[in-house]
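J.: One structure coming up, written as structure tokens, with questions to follow.
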Amino acid sequence: MLNVAIIGTGGIARSHANGLLTFPDKCKVVALCDIYPEKAEKFKEEFGFFEARVFGDHTKLFSSGIPINLVHVCTPPSAHAEIAIHAMNAKMNVLVEKPMAPSLKECDEMLAAEAENGVVLGSIAQNRFRNSIYKLKKVLDSGLAGKLRVSHVDSLWWRGHSYYDLWWRGTWAKEGGGPTLNHAVHHIDMINWYTGTLPTEVSSMLANVMHDNSEVEDISFAALKYADGSIAEVTSSVVHHGEEQGLVLQCEKAKLAAPWSCIAQVAKSNGFPYPESNAELMKKIEDYYASIPDLPHESHTGQIGDMLTAIENAERPIITGTDGKKTVELITAIYKAGFEKRTVTLPIEKDDPYYTFEGLLARAPHFYRKMASVENFDVSDIPVNSYKY
């Protein structure tokens, strides 16, 4: 039985709580922490964590003597690294919410703490545990559609103007960025997973078109080029009504997509497509997709279950801190390209000013000035399962 602490009891922590409650034979929540202890108390009652002690400071939690095997870090991104490193230095395993940290330097410090203390660091990327995304990856890896050549990634969300009224949102210093970092992080992890590598070149454009109470971008477009000559485009947005999120993978022999679809065309002698598709290949792909069994648990629950099993068996989780860092590296490159209005190259080395959060902050455009804020919203529940795929 693993003893678990949850630090940060806002909206996303509910997904962690529900996931942990799915595995009562594996874990027990013994501590809750929030800078607003009254929120943690309400959270405790809501989820029935009656034996859990509540803290208002994570350092007091770690020095309390409570035996803790796993810490879930569900705070705003600016606090991820500090809390995770403190936990790992106390010999506790850590599962940190997305994004892993706002900067590559912090990611490296977290990975160093993991190695030095012999613990396990996992980074949330729950969509790898979504059946449609998992099965699409399996089909891609089967080779039936040929090599991936062009990827279209739509991380399209909509958030009302008041979304950025919350005190830490919409600020470079506390949120670390806009939807490129905090929403498209899901889809950027997916494209890293599908391609198996980071791009070599990145171009991008950033804008804030609908939220004048936010310093950060509310939309970005990025173009990626890979060493093998393949390319990708990523749209990161919180201005798209309808939130039609999806991925389209154009491979040599067929198109694969989430929401699931498969099309394989055949050329006439003049290069134009026949009206009929390649029915034989499409049937092979469709049959393979249908043969893939569903995951036992999806989303946060699936990833939490994998993390618990990894700790129990002294193994690595499916999604590691190294994976989290790769996602942050690509996001950093998108910001660098957008800030400087030029194509940039990867990797981002330690002597690059964008390697540190301070370097990024010094160069970040402030689209608007955040003039006022609220401490908390009355409703803290947030949708994490509203995907169209």
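Each chain in the structure tokens gets a letter, A, B, ..., in the order shown, and its residues are numbered from 1; ligands are numbered from 1 in order too.
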Could you give me the residues within range 180-260 of chain A that DSSP places in strand (DSSP E), as number ranges by chain?
T.: A: 201-207, 219-225, 231-237, 246-251, 255-258
J.: Need to verify the contact set: Tyr194 in chain A, 10 Å, only C-alpha atoms, exclusion of same-chain residues closer than 4 positions in sequence. Can you return it as a ChimeraX atom specification?
T.: /A:133-134,136-138,140-141,148,151,188-190,249
J.: Quick one: residues within 8 Å of range 264-269 of chain A, only C-alpha atoms, excluding same-chain residues fewer than 6 positions away - as a list in words?
T.: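 So the residues in contact are Lys253, Ala254, Lys255, Glu276, Ser277, Asn278, Ala279, Leu281 and Met282 of chain A.
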J.: Write out as a list in words the residues lying within 9 Å of range 61-65 of chain A, counting only C-alpha atoms and excluding same-chain residues fewer than 2 positions away.
T.: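 Within the cut-off, the hits are Ala5, Ala31, Leu32, Cys33, Arg53, Val54, Phe55, Gly56, Asp57, His58, Thr59, Pro67, Ile68, His86, Ala87 and Ala90 of chain A.
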J.: When you count only C-alpha atoms, which of these residues is closest to Leu308 in chain A: A:Met110, A:Ala227, A:Cys74, A:Val120?
T.: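 Using only C-alpha atoms, Leu308 in chain A sits closest to A:Val120.
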J.: Which distance in Å separates CA of Glu233 in chain A and CA of Val153 in chain A, to one decimal?
T.: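 A separation of 6.0 Å between them.
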J.: In Å, rounded to a single decimal, give me how far CA of Gly118 in chain A is from CA of Ala314 in chain A.
T.: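 Here the two named atoms are 10.2 Å from each other.
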J.: Extract, using only C-alpha atoms, all DNA, RNA and protein residues at most 9 Å from Cys27 in chain A, discarding same-chain residues fewer than 4 positions from it, and format them as a VMD selection string.
T.: chain A and resid 1 to 4 20 to 21 23 308
J.: Between A:Glu217, A:Glu243, A:Glu51, A:Asp294, which is the closest to Val30 in chain A once you count only C-alpha atoms?
T.: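 Checking each candidate against Val30 in chain A, we get A:Glu51 as the closest.
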